[in-house]
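Undergrad: Below is the file query-v2.cif, with mmCIF, C-alpha atoms and all ligand atoms.
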```
data_protein
#
loop_
_atom_site.label_atom_id
_atom_site.label_comp_id
_atom_site.auth_asym_id
_atom_site.auth_seq_id
_atom_site.Cartn_x
_atom_site.Cartn_y
_atom_site.Cartn_z
CA MET O 30 -18.92 22.11 8.70
CA LYS O 31 -18.93 20.77 5.14
CA LYS O 32 -20.06 17.16 4.93
CA TYR O 33 -18.35 15.27 2.13
CA LYS O 34 -20.57 12.89 0.16
CA ILE O 35 -18.70 9.60 0.22
CA GLY O 36 -18.99 6.73 -2.24
CA VAL O 37 -17.37 3.33 -1.76
CA ILE O 38 -16.72 1.03 -4.72
CA GLY O 39 -16.15 -2.57 -3.65
CA ALA O 40 -17.43 -3.12 -0.12
CA GLY O 41 -15.34 -6.18 0.78
CA ALA O 42 -12.62 -6.82 3.34
CA ILE O 43 -10.56 -3.62 3.16
CA ALA O 44 -13.62 -1.41 2.75
CA GLN O 45 -15.05 -2.95 5.94
CA ALA O 46 -11.81 -3.04 7.92
CA CYS O 47 -10.53 0.42 7.04
CA HIS O 48 -12.46 2.74 4.71
CA ILE O 49 -16.07 2.55 5.93
CA PRO O 50 -15.25 2.73 9.66
CA GLY O 51 -12.88 5.61 8.91
CA TYR O 52 -15.65 7.60 7.22
CA VAL O 53 -18.10 6.74 10.01
CA GLU O 54 -15.58 8.02 12.56
CA ALA O 55 -14.91 11.27 10.67
CA LYS O 56 -17.16 14.20 11.53
CA ASN O 57 -16.98 15.62 7.99
CA CYS O 58 -18.16 12.61 5.96
CA GLU O 59 -21.46 10.94 5.21
CA LEU O 60 -21.99 7.46 3.74
CA THR O 61 -23.84 8.52 0.59
CA ALA O 62 -23.55 5.60 -1.82
CA VAL O 63 -21.94 2.20 -2.19
CA ALA O 64 -21.38 0.16 -5.37
CA GLU O 65 -20.93 -3.56 -4.82
CA PRO O 66 -21.92 -6.29 -7.29
CA ASP O 67 -22.10 -9.07 -4.66
CA ALA O 68 -25.41 -8.95 -2.76
CA LYS O 69 -24.01 -11.04 0.12
CA VAL O 70 -21.18 -8.59 0.63
CA LEU O 71 -23.67 -5.71 0.69
CA ALA O 72 -25.80 -7.55 3.22
CA GLY O 73 -22.66 -8.00 5.34
CA VAL O 74 -22.13 -4.24 5.31
CA ARG O 75 -25.69 -3.65 6.52
CA ASP O 76 -25.31 -6.34 9.16
CA ARG O 77 -22.42 -4.40 10.63
CA GLY O 78 -24.76 -1.44 11.12
CA TRP O 79 -23.41 0.71 8.29
CA GLN O 80 -26.19 2.28 6.28
CA PHE O 81 -25.38 4.01 2.99
CA GLU O 82 -28.13 6.32 1.69
CA ARG O 83 -28.20 4.41 -1.60
CA GLU O 84 -26.82 1.10 -2.84
CA TYR O 85 -25.82 0.12 -6.37
CA SER O 86 -24.53 -3.05 -7.96
CA ASP O 87 -22.86 -1.14 -10.83
CA TYR O 88 -20.46 1.67 -10.01
CA LYS O 89 -21.08 3.41 -13.36
CA LYS O 90 -24.79 3.77 -12.45
CA MET O 91 -23.74 5.17 -9.08
CA LEU O 92 -21.49 7.79 -10.71
CA GLU O 93 -24.28 8.78 -13.13
CA ALA O 94 -26.89 9.16 -10.40
CA GLU O 95 -24.85 10.74 -7.60
CA SER O 96 -22.81 13.89 -7.05
CA LEU O 97 -20.10 12.44 -4.86
CA ASP O 98 -17.19 14.43 -3.43
CA VAL O 99 -14.96 11.50 -2.54
CA VAL O 100 -14.78 7.85 -3.58
CA SER O 101 -12.90 4.96 -2.02
CA ILE O 102 -11.88 2.38 -4.60
CA CYS O 103 -11.68 -0.99 -2.88
CA ALA O 104 -12.37 -3.34 -5.80
CA PRO O 105 -9.78 -5.97 -6.80
CA ASN O 106 -6.60 -4.75 -8.53
CA LYS O 107 -7.62 -5.30 -12.16
CA PHE O 108 -10.46 -2.79 -11.84
CA HIS O 109 -8.51 0.04 -10.19
CA ALA O 110 -7.50 2.00 -13.28
CA GLU O 111 -10.81 2.04 -15.12
CA ILE O 112 -12.79 2.86 -11.98
CA ALA O 113 -10.31 5.56 -10.94
CA VAL O 114 -10.44 7.33 -14.31
CA ASP O 115 -14.25 7.18 -14.34
CA CYS O 116 -14.45 8.60 -10.79
CA LEU O 117 -12.00 11.40 -11.58
CA ASN O 118 -14.02 12.30 -14.66
CA ALA O 119 -17.10 12.39 -12.42
CA GLY O 120 -15.32 15.05 -10.31
CA CYS O 121 -14.40 12.97 -7.26
CA ASP O 122 -11.30 12.96 -5.08
CA LEU O 123 -10.08 9.41 -4.49
CA LEU O 124 -8.71 7.06 -1.91
CA LEU O 125 -7.48 4.30 -4.19
CA GLU O 126 -6.30 0.99 -2.78
CA LYS O 127 -2.86 -0.37 -3.68
CA PRO O 128 -1.50 -1.34 -6.12
CA ILE O 129 -2.43 1.76 -8.10
CA ALA O 130 -2.99 -0.36 -11.24
CA LEU O 131 -1.60 -3.40 -13.03
CA THR O 132 0.51 -1.62 -15.67
CA LEU O 133 2.36 1.69 -15.93
CA GLU O 134 0.16 2.62 -18.90
CA GLU O 135 -2.95 2.26 -16.75
CA ALA O 136 -1.33 4.19 -13.90
CA LYS O 137 -0.39 7.00 -16.27
CA ARG O 138 -4.03 7.21 -17.39
CA ILE O 139 -5.00 7.82 -13.77
CA GLU O 140 -2.29 10.48 -13.47
CA GLU O 141 -3.49 12.22 -16.63
CA ALA O 142 -7.14 12.13 -15.56
CA ALA O 143 -6.22 13.62 -12.17
CA ARG O 144 -4.23 16.38 -13.89
CA LEU O 145 -7.01 17.24 -16.33
CA THR O 146 -9.80 17.18 -13.75
CA LYS O 147 -7.66 18.81 -11.00
CA ARG O 148 -8.82 16.12 -8.59
CA ARG O 149 -6.67 14.55 -5.88
CA VAL O 150 -5.78 10.90 -5.39
CA MET O 151 -4.35 9.15 -2.36
CA VAL O 152 -3.01 5.61 -2.77
CA GLY O 153 -3.54 3.32 0.24
CA PHE O 154 0.01 2.67 1.40
CA SER O 155 -1.15 2.10 4.94
CA HIS O 156 2.22 1.08 6.45
CA ARG O 157 3.33 4.71 6.30
CA PHE O 158 0.65 5.47 8.88
CA ASN O 159 1.85 2.81 11.30
CA GLU O 160 2.91 4.73 14.42
CA LEU O 161 5.94 2.48 14.88
CA ASN O 162 7.20 3.40 11.41
CA ARG O 163 6.51 7.06 12.09
CA ALA O 164 8.53 6.96 15.32
CA ALA O 165 11.37 5.19 13.51
CA LYS O 166 11.35 7.72 10.69
CA ASP O 167 11.39 10.64 13.15
CA ALA O 168 14.44 9.16 14.88
CA LEU O 169 16.16 8.57 11.56
CA GLU O 170 15.48 12.10 10.37
CA CYS O 171 16.80 13.53 13.66
CA GLY O 172 20.07 11.74 12.89
CA LYS O 173 19.86 9.49 15.94
CA ILE O 174 21.57 6.54 14.24
CA GLY O 175 23.53 8.44 11.61
CA LYS O 176 23.54 7.65 7.91
CA PRO O 177 21.82 4.38 6.92
CA TYR O 178 23.69 1.84 4.85
CA MET O 179 21.21 -1.06 4.91
CA ILE O 180 17.45 -1.38 5.16
CA ARG O 181 15.46 -4.58 5.35
CA VAL O 182 11.69 -4.94 5.15
CA ARG O 183 10.08 -8.30 5.82
CA PHE O 184 6.35 -8.84 5.49
CA ALA O 185 4.92 -12.33 5.73
CA HIS O 186 1.83 -14.27 6.63
CA SER O 187 0.31 -17.51 5.52
CA GLY O 188 -1.43 -15.92 2.54
CA PRO O 189 -4.97 -15.15 1.52
CA TRP O 190 -7.17 -18.09 2.46
CA PRO O 191 -10.83 -18.65 1.59
CA GLY O 192 -12.74 -15.99 3.51
CA TRP O 193 -9.73 -13.67 3.82
CA ALA O 194 -11.17 -11.48 1.08
CA LYS O 195 -14.92 -11.34 0.69
CA THR O 196 -14.52 -12.59 -2.87
CA ASP O 197 -11.87 -15.05 -4.05
CA TRP O 198 -9.66 -13.21 -6.49
CA PHE O 199 -6.17 -13.10 -4.94
CA TYR O 200 -5.03 -16.31 -6.68
CA ASN O 201 -6.57 -15.39 -10.03
CA GLN O 202 -3.73 -13.88 -12.08
CA LYS O 203 -6.11 -12.07 -14.45
CA ILE O 204 -7.79 -10.20 -11.61
CA SER O 205 -4.94 -9.82 -9.13
CA GLY O 206 -2.16 -9.21 -11.68
CA GLY O 207 0.34 -11.00 -9.42
CA GLY O 208 0.88 -12.64 -6.06
CA ALA O 209 2.89 -11.82 -2.94
CA LEU O 210 5.13 -9.38 -4.81
CA LEU O 211 2.34 -7.20 -6.15
CA ASP O 212 0.10 -7.57 -3.12
CA MET O 213 2.55 -7.36 -0.24
CA ALA O 214 5.98 -6.31 -1.46
CA VAL O 215 4.35 -3.26 -3.05
CA HIS O 216 3.97 -1.97 0.54
CA ALA O 217 7.59 -2.91 1.29
CA PHE O 218 8.92 -1.02 -1.75
CA ASP O 219 6.88 2.01 -0.76
CA LEU O 220 8.15 1.88 2.80
CA CYS O 221 11.78 1.51 1.71
CA GLN O 222 11.55 4.63 -0.43
CA TRP O 223 9.66 6.53 2.27
CA TYR O 224 12.53 5.82 4.65
CA GLN O 225 15.46 6.00 2.35
CA GLY O 226 14.65 7.77 -0.94
CA PRO O 227 14.61 6.56 -4.53
CA ILE O 228 15.66 3.02 -5.36
CA GLN O 229 18.02 2.94 -8.33
CA SER O 230 18.05 -0.75 -9.18
CA VAL O 231 16.26 -3.94 -8.26
CA SER O 232 17.42 -7.52 -8.47
CA ALA O 233 14.78 -10.07 -7.50
CA GLN O 234 13.83 -13.71 -7.32
CA VAL O 235 10.09 -14.25 -7.46
CA ALA O 236 8.77 -17.76 -7.00
CA THR O 237 5.83 -19.97 -6.25
CA LEU O 238 7.51 -22.13 -3.63
CA ARG O 239 4.89 -23.70 -1.42
CA LYS O 240 1.34 -23.16 -2.66
CA ASP O 241 -0.36 -24.75 -5.62
CA ILE O 242 -1.38 -21.39 -7.08
CA PRO O 243 -0.85 -19.66 -10.43
CA VAL O 244 0.72 -16.54 -8.88
CA ASP O 245 3.94 -16.03 -6.91
CA ASP O 246 3.92 -16.75 -3.18
CA ASN O 247 7.44 -15.54 -2.23
CA VAL O 248 9.83 -12.81 -3.29
CA ILE O 249 13.25 -11.61 -2.29
CA ALA O 250 14.53 -8.37 -3.78
CA LEU O 251 17.90 -6.65 -3.44
CA LEU O 252 17.83 -2.88 -3.71
CA GLU O 253 20.41 -0.21 -4.49
CA PHE O 254 19.59 3.32 -3.34
CA GLY O 255 22.53 5.00 -5.03
CA ASN O 256 23.63 6.79 -1.87
CA GLU O 257 25.84 4.08 -0.42
CA CYS O 258 22.82 2.30 0.93
CA LEU O 259 21.55 -1.14 0.03
CA GLY O 260 18.34 -2.84 0.97
CA TYR O 261 16.42 -6.04 0.77
CA ILE O 262 12.82 -7.00 0.85
CA ASP O 263 11.56 -10.43 1.69
CA CYS O 264 7.86 -11.12 1.47
CA GLY O 265 5.90 -14.30 1.50
CA TRP O 266 2.44 -15.78 1.67
CA THR O 267 3.48 -19.18 2.97
CA SER O 268 4.50 -19.08 6.60
CA PRO O 269 3.36 -17.92 9.96
CA ALA O 270 4.50 -14.34 10.22
CA GLY O 271 7.83 -14.82 12.04
CA PHE O 272 9.67 -11.52 12.17
CA VAL O 273 7.60 -8.88 10.39
CA GLY O 274 8.87 -5.36 10.22
CA VAL O 275 11.77 -3.14 9.30
CA GLU O 276 15.43 -3.00 10.26
CA ILE O 277 17.62 -0.02 9.44
CA MET O 278 21.36 -0.24 9.98
CA ALA O 279 23.35 3.00 10.09
CA ASP O 280 26.76 4.43 11.06
CA ASN O 281 25.91 4.81 14.75
CA GLY O 282 23.35 2.11 15.38
CA CYS O 283 20.20 0.44 14.18
CA ILE O 284 16.44 0.78 14.42
CA THR O 285 14.12 -2.21 14.53
CA VAL O 286 10.40 -1.91 13.93
CA ASP O 287 8.88 -5.17 15.08
CA TYR O 288 5.22 -5.47 14.09
CA GLY O 289 4.81 -8.68 16.07
CA LYS O 290 5.96 -7.13 19.35
CA SER O 291 4.45 -3.72 18.45
CA THR O 292 7.71 -1.98 19.24
CA ALA O 293 10.14 0.37 17.54
CA THR O 294 13.53 0.19 19.24
CA MET O 295 16.90 1.77 18.68
CA CYS O 296 20.32 0.47 19.57
CA CYS O 297 23.20 2.95 19.35
CA GLY O 298 26.88 2.62 19.92
CA SER O 299 29.83 0.92 18.34
CA CYS O 300 31.59 -2.43 18.35
CA ALA O 301 35.40 -2.43 18.31
CA PRO O 302 37.33 -5.05 16.27
CA ASP O 303 38.26 -6.83 19.52
CA GLY O 304 34.56 -7.37 20.17
CA SER O 305 34.25 -4.84 22.99
CA HIS O 306 31.24 -2.68 22.64
CA GLU O 307 29.21 0.02 24.24
CA LEU O 308 25.60 -0.10 23.27
CA VAL O 309 22.64 1.91 24.47
CA GLU O 310 19.16 0.65 23.77
CA ALA O 311 16.04 2.81 23.69
CA THR O 312 12.38 2.27 22.96
CA LEU O 313 11.06 4.71 20.36
CA ALA O 314 7.43 3.52 20.44
CA GLU O 315 5.46 0.72 22.01
CA GLY O 316 1.88 -0.31 21.16
CA TYR O 317 -0.56 1.72 19.14
CA LYS O 318 -2.70 4.68 20.11
CA ARG O 319 -4.44 4.20 16.77
CA GLU O 320 -4.20 1.19 14.46
CA PRO O 321 -2.50 1.96 11.12
CA TRP O 322 -5.74 1.84 9.09
CA GLU O 323 -7.43 4.20 11.58
CA ALA O 324 -4.48 6.58 11.34
CA GLU O 325 -4.58 6.42 7.53
CA MET O 326 -8.28 7.32 7.48
CA ASP O 327 -7.77 10.12 10.03
CA TYR O 328 -5.16 11.60 7.75
CA PHE O 329 -7.25 11.22 4.60
CA THR O 330 -10.52 12.58 5.99
CA GLY O 331 -8.63 15.35 7.81
CA ALA O 332 -6.84 16.37 4.61
CA LEU O 333 -10.04 16.72 2.57
CA ASP O 334 -10.55 20.35 3.60
CA SER O 335 -6.99 21.49 3.02
CA GLY O 336 -7.02 21.41 -0.78
CA GLN O 337 -3.42 20.14 -0.57
CA ASP O 338 -2.33 17.05 -2.48
CA PHE O 339 -2.52 13.83 -0.51
CA THR O 340 0.63 11.89 0.37
CA PRO O 341 1.16 9.18 -0.79
CA GLY O 342 -0.42 10.15 -4.08
CA VAL O 343 -0.35 9.08 -7.71
CA ALA O 344 3.39 9.74 -8.07
CA GLU O 345 4.20 7.32 -5.24
CA GLY O 346 1.69 4.81 -6.61
CA ILE O 347 3.33 4.88 -10.03
CA ASP O 348 6.87 4.75 -8.72
CA THR O 349 6.12 1.80 -6.49
CA LEU O 350 4.37 -0.10 -9.29
CA ARG O 351 7.44 0.57 -11.44
CA LEU O 352 9.61 -1.13 -8.81
CA VAL O 353 7.29 -4.13 -8.57
CA LEU O 354 7.29 -4.54 -12.35
CA ALA O 355 11.08 -4.22 -12.36
CA ALA O 356 11.27 -7.00 -9.75
CA TYR O 357 9.14 -9.29 -11.93
CA GLU O 358 11.32 -8.45 -14.92
CA SER O 359 14.53 -9.03 -12.98
CA SER O 360 13.36 -12.44 -11.84
CA ARG O 361 12.14 -13.45 -15.30
CA GLU O 362 15.32 -12.39 -17.04
CA GLY O 363 17.88 -13.21 -14.35
CA ARG O 364 19.47 -9.77 -14.22
CA SER O 365 19.42 -6.57 -12.23
CA VAL O 366 17.01 -3.94 -13.54
CA ALA O 367 17.98 -0.26 -13.38
CA ILE O 368 15.15 2.10 -12.55
CA ASP O 369 15.37 4.81 -15.15
CA ARG O 370 12.41 6.98 -14.27
CA GLU O 371 12.70 9.23 -17.34
CA ALA O 372 13.01 6.43 -19.89
CA GLN O 373 10.24 4.54 -18.16
CA ALA O 374 7.65 7.23 -18.68
CA SER O 375 6.36 5.00 -21.45
CA GLY O 376 6.43 1.91 -19.28
CA ALA O 377 9.62 0.13 -20.37
CA ALA O 378 12.21 -1.04 -17.83
CA SER O 379 15.93 -1.13 -18.65
CA SER O 380 18.78 -3.41 -17.66
CA HIS O 381 22.37 -3.03 -16.57
N1 LIG I 1 -3.92 -1.32 2.14
C1 LIG I 1 -4.03 -2.54 2.62
O1 LIG I 1 -3.43 -2.87 3.61
C2 LIG I 1 -4.95 -3.52 1.90
C3 LIG I 1 -5.39 -4.66 2.57
C4 LIG I 1 -6.26 -5.53 1.91
C5 LIG I 1 -6.63 -5.28 0.58
N2 LIG I 1 -6.14 -4.17 -0.06
C6 LIG I 1 -6.52 -3.89 -1.46
O2 LIG I 1 -7.92 -3.65 -1.50
C7 LIG I 1 -8.47 -4.16 -2.70
C8 LIG I 1 -9.63 -5.10 -2.35
O3 LIG I 1 -9.16 -6.19 -1.58
P1 LIG I 1 -10.12 -6.93 -0.53
O4 LIG I 1 -9.25 -7.80 0.30
O5 LIG I 1 -11.00 -5.95 0.16
O6 LIG I 1 -10.99 -7.86 -1.52
P2 LIG I 1 -12.52 -8.31 -1.33
O7 LIG I 1 -12.77 -9.40 -2.31
O8 LIG I 1 -12.81 -8.60 0.11
O9 LIG I 1 -13.34 -7.02 -1.73
C9 LIG I 1 -13.41 -6.55 -3.04
C10 LIG I 1 -14.87 -6.25 -3.35
O10 LIG I 1 -14.94 -5.61 -4.62
C11 LIG I 1 -16.11 -6.09 -5.27
N3 LIG I 1 -15.96 -5.85 -6.71
C12 LIG I 1 -15.43 -6.66 -7.65
N4 LIG I 1 -15.51 -6.06 -8.85
C13 LIG I 1 -16.10 -4.86 -8.66
C14 LIG I 1 -16.47 -3.80 -9.51
N5 LIG I 1 -16.20 -3.83 -10.83
N6 LIG I 1 -17.08 -2.72 -8.98
C15 LIG I 1 -17.33 -2.68 -7.65
N7 LIG I 1 -17.00 -3.65 -6.79
C16 LIG I 1 -16.38 -4.73 -7.29
C17 LIG I 1 -16.20 -7.56 -4.89
O11 LIG I 1 -17.51 -8.07 -5.04
C18 LIG I 1 -15.72 -7.51 -3.45
O12 LIG I 1 -16.79 -7.43 -2.52
C19 LIG I 1 -7.32 -4.84 -3.44
O13 LIG I 1 -6.83 -3.97 -4.41
C20 LIG I 1 -6.27 -5.08 -2.37
O14 LIG I 1 -4.96 -5.06 -2.88
C21 LIG I 1 -5.34 -3.29 0.59
#
```
So, in terms of structure tokens, how does the structure I just supplied come out?
TA:
Amino acid sequence: MKKYKIGVIGAGAIAQACHIPGYVEAKNCELTAVAEPDAKVLAGVRDRGWQFEREYSDYKKMLEAESLDVVSICAPNKFHAEIAVDCLNAGCDLLLEKPIALTLEEAKRIEEAARLTKRRVMVGFSHRFNELNRAAKDALECGKIGKPYMIRVRFAHSGPWPGWAKTDWFYNQKISGGGALLDMAVHAFDLCQWYQGPIQSVSAQVATLRKDIPVDDNVIALLEFGNECLGYIDCGWTSPAGFVGVEIMADNGCITVDYGKSTATMCCGSCAPDGSHELVEATLAEGYKREPWEAEMDYFTGALDSGQDFTPGVAEGIDTLRLVLAAYESSREGRSVAIDREAQASGAASSH
């Protein structure tokens, strides 16, 4: 069996929670090299019993010295684009953390480098690999609740606190590029489109409501899908989680994915105007056989041999970044922003 030479760039929280254990678990991968500028973070990796063959503080030196097959990019957001292009030019396939980049121009540079080098990129939209979401999507696609007309995604927690990430960058606008919207709602936008197809317009309010930080801590976004379906996303960094998950309302019922209870449930039936109703409830999934990050890494390491493009890839990364940028624009300018994917090839958003 081919063993893929794996490199990891940025060995902090997500590398340790998801990427490195995923490669250790996979039979076809070996921990060849890691690039991490913070010696304490590297020591933490060793302390957890993970031994890379070689360690670097500078990823460029790692790329020069090694012949890696695959690289995980787990550095903070600002560095994604430059590192991704360098790794593609070094001939590596990539698992690139979200958001793909900070601007559409940067994201397009990644797309172009992948095209020219014929390398593959997966973007880490981990919620797609959550088994509850997968059960809900299966039920939706089988037509169990009919045609959706409303989708809601709510993600919330009390926000990155000291020690959440191994290095403190989340509240530094220059490094993070944004707050709860870019960090968290980027997953929600991706999930909405995964369930329901392309979003046609976004109207958002982005605010720093509760924390004394220079980036946004809450966002609410209204979505139009253009197929008689609306949606809304509400994400925040300022509360205990409360309800976290997805609700999909459709002609014949609704599906609720409740992350807190670890359940995906379906309620079908109809309510008459007089209030009488006949409802049937069913559990679609309960608990996890594999945690979402484990499932994501199983998919990624399993797909290395196939030669097929990874999903979600660069296209999904770009499209989701476009929606996040449209939400920032909508909030800044107080208007709805139409998502014109052709006109936006150059990075501009348009209004209506
Ligand atoms: N998919 C998910 O659910 C998920 C969850 C958490 C974080 N993330 C993403 O992962 C990325 C990292 O977040 P984190 O929470 O692990 O942060 P972190 O601070 O814990 O880890 C980032 C690491 O990158 C290192 N680093 C900084 N600059 C670097 C460079 N130029 N080259 C190499 N390493 C560098 C830092 O020293 C740090 O150890 C972010 O883009 C974040 O959005 C994704």
Undergrad: Rank nothing, just name the residue among O:Glu315, O:Asp245, O:Glu325, O:Asp369 nearest to Pro341 of chain O, using only C-alpha atoms.
TA: O:Glu325
Undergrad: Padding 6 Å on every side, please: axis-aligned box over the listed atoms of ligand LIG 1 (chain I), centre and edge lengths to one decimal in Å, as lines of an AutoDock Vina configuration file.
TA:
```
center_x = -10.5
center_y = -5.4
center_z = -3.6
size_x = 26.1
size_y = 20.1
size_z = 26.4
```
Undergrad: Would you mind listing what lies within 9 Å of segment 281-292 of chain O as a ChimeraX atom specification, with all atoms listed in the file counted and same-chain residues fewer than 5 positions away left out?
TA: /O:161-162,165,168-169,173-177,270-276,297-299,308,312-317
Undergrad: What's the 7 Å shell around Lys32 of chain O, counting all atoms listed in the file, without same-chain residues fewer than 2 positions away, as JSON, numbers by chain?
TA: {"O": [30, 34, 57, 58, 59]}
Undergrad: Show which residues sit within 10 Å of Ser96 of chain O, as a list in words. Count all atoms listed in the file, and ignore same-chain residues fewer than 5 positions away.
TA: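 Here the answer would be Lys34, Ile35, Gly36, Thr61, Ala62, Met91, Ala119, Gly120 and Cys121 of chain O.
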Undergrad: Of the residues O:Thr349, O:Thr196, O:Gln80, O:Gln45, which is the one nearest to ligand LIG 1 (chain I), using only C-alpha atoms and all ligand atoms?
TA: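 For ligand LIG 1 (chain I), the nearest of the given residues is O:Thr196.
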Undergrad: Which polymer residues, whether protein, DNA or RNA, lie within 12 Å of the coordinate (-21.9, -4.2, 7.8) when you count all atoms listed in the file? List them as a list in words, using the chain letters and numbers from the file.
TA: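 Taken together, the residues in range are Ala40, Gly41, Ala42, Ala44, Gln45, Ala46, Ile49, Pro50, Val53, Val63, Lys69, Val70, Leu71, Ala72, Gly73, Val74, Arg75, Asp76, Arg77, Gly78, Trp79, Gln80 and Phe81 of chain O.
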Undergrad: Counting all atoms listed in the file, what are the residues, protein, DNA or RNA alike, that approach ligand LIG 1 (chain I) to within 7 Å? I want them as an NGL selection string.
TA: :O and (38-44 or 64-67 or 70 or 87-88 or 103-106 or 108 or 126-128 or 153-155 or 193-198 or 212)
Undergrad: Figure out the distance between atom CA of Ser268 of chain O and atom CA of Ala185 of chain O, please, to one decimal in Å.
TA: 6.8 Å
Undergrad: Within 12 Å of Asn118 of chain O, counting only C-alpha atoms, which residues show up once you throw out same-chain ones fewer than 6 positions away? Write them as a PDB file with C-alpha atoms, in the coordinates of the input, please.
TA:
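This went into part.pdb:
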```
ATOM      1  CA  LYS O  89     -21.080   3.410 -13.360  1.00  0.00           C
ATOM      2  CA  LEU O  92     -21.490   7.790 -10.710  1.00  0.00           C
ATOM      3  CA  GLU O  93     -24.280   8.780 -13.130  1.00  0.00           C
ATOM      4  CA  SER O  96     -22.810  13.890  -7.050  1.00  0.00           C
ATOM      5  CA  LEU O  97     -20.100  12.440  -4.860  1.00  0.00           C
ATOM      6  CA  ASP O  98     -17.190  14.430  -3.430  1.00  0.00           C
ATOM      7  CA  VAL O 100     -14.780   7.850  -3.580  1.00  0.00           C
ATOM      8  CA  GLU O 111     -10.810   2.040 -15.120  1.00  0.00           C
ATOM      9  CA  ILE O 112     -12.790   2.860 -11.980  1.00  0.00           C
ATOM     10  CA  ARG O 138      -4.030   7.210 -17.390  1.00  0.00           C
ATOM     11  CA  ILE O 139      -5.000   7.820 -13.770  1.00  0.00           C
ATOM     12  CA  GLU O 140      -2.290  10.480 -13.470  1.00  0.00           C
ATOM     13  CA  GLU O 141      -3.490  12.220 -16.630  1.00  0.00           C
ATOM     14  CA  ALA O 142      -7.140  12.130 -15.560  1.00  0.00           C
ATOM     15  CA  ALA O 143      -6.220  13.620 -12.170  1.00  0.00           C
ATOM     16  CA  ARG O 144      -4.230  16.380 -13.890  1.00  0.00           C
ATOM     17  CA  LEU O 145      -7.010  17.240 -16.330  1.00  0.00           C
ATOM     18  CA  THR O 146      -9.800  17.180 -13.750  1.00  0.00           C
ATOM     19  CA  LYS O 147      -7.660  18.810 -11.000  1.00  0.00           C
ATOM     20  CA  ARG O 148      -8.820  16.120  -8.590  1.00  0.00           C
ATOM     21  CA  ARG O 149      -6.670  14.550  -5.880  1.00  0.00           C
TER      22      ARG O 149
END
```
Undergrad: May I ask which of the residues O:Val244, O:Ala164, O:Val231, O:Leu133 is the closest one to Met295 of chain O, counting all atoms listed in the file?
TA: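 Of O:Val244, O:Ala164, O:Val231, O:Leu133, the one nearest Met295 of chain O, counting all atoms listed in the file, is O:Ala164.
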Undergrad: Report, in Å to a single decimal, how far apart atom CA of Asp334 of chain O and atom CA of Phe218 of chain O are.
TA: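 According to the coordinates, atom CA of Phe218 of chain O and atom CA of Asp334 of chain O are separated by 29.4 Å.
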Undergrad: Hey, can you pull every residue with an atom no more than 9 Å from (-0.8, 7.1, -7.6), using all atoms listed in the file, and send it as a ChimeraX atom specification?
TA: /O:125,127-130,136-137,139-140,150-152,341-349
Undergrad: Point out the residue among O:Leu60, O:Cys264, O:Cys258, O:Cys296 with the least atom-to-atom distance to Gly226 of chain O, counting only C-alpha atoms.
TA: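 For Gly226 of chain O, the nearest of the candidates is O:Cys258.
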Undergrad: Using the structure just given, write a file holding N, CA and C atoms for segment 137-147 of chain O, as an mmCIF file, in the first residue's frame.
TA:
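Once everything was written out, this is out.cif:
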```
data_model
loop_
_atom_site.group_PDB
_atom_site.id
_atom_site.type_symbol
_atom_site.label_atom_id
_atom_site.label_comp_id
_atom_site.auth_asym_id
_atom_site.auth_seq_id
_atom_site.Cartn_x
_atom_site.Cartn_y
_atom_site.Cartn_z
ATOM 1 N N LYS O 137 -8.779 33.028 -5.638
ATOM 2 C CA LYS O 137 -8.610 32.731 -7.073
ATOM 3 C C LYS O 137 -7.162 32.327 -7.376
ATOM 4 N N ARG O 138 -6.218 32.882 -6.630
ATOM 5 C CA ARG O 138 -4.813 32.478 -6.840
ATOM 6 C C ARG O 138 -4.626 31.003 -6.469
ATOM 7 N N ILE O 139 -5.318 30.578 -5.432
ATOM 8 C CA ILE O 139 -5.246 29.153 -5.047
ATOM 9 C C ILE O 139 -5.856 28.303 -6.163
ATOM 10 N N GLU O 140 -7.012 28.752 -6.669
ATOM 11 C CA GLU O 140 -7.698 28.007 -7.733
ATOM 12 C C GLU O 140 -6.795 27.866 -8.964
ATOM 13 N N GLU O 141 -6.151 28.971 -9.325
ATOM 14 C CA GLU O 141 -5.289 28.970 -10.507
ATOM 15 C C GLU O 141 -4.075 28.057 -10.296
ATOM 16 N N ALA O 142 -3.490 28.119 -9.107
ATOM 17 C CA ALA O 142 -2.321 27.271 -8.829
ATOM 18 C C ALA O 142 -2.728 25.794 -8.872
ATOM 19 N N ALA O 143 -3.907 25.471 -8.355
ATOM 20 C CA ALA O 143 -4.371 24.075 -8.381
ATOM 21 C C ALA O 143 -4.584 23.620 -9.826
ATOM 22 N N ARG O 144 -5.133 24.524 -10.650
ATOM 23 C CA ARG O 144 -5.380 24.181 -12.056
ATOM 24 C C ARG O 144 -4.053 23.934 -12.780
ATOM 25 N N LEU O 145 -3.102 24.844 -12.584
ATOM 26 C CA LEU O 145 -1.834 24.730 -13.309
ATOM 27 C C LEU O 145 -1.015 23.518 -12.858
ATOM 28 N N THR O 146 -1.072 23.219 -11.577
ATOM 29 C CA THR O 146 -0.246 22.113 -11.059
ATOM 30 C C THR O 146 -0.998 20.782 -11.086
ATOM 31 N N LYS O 147 -2.310 20.842 -11.410
ATOM 32 C CA LYS O 147 -3.160 19.638 -11.417
ATOM 33 C C LYS O 147 -3.165 18.941 -10.046
#
```
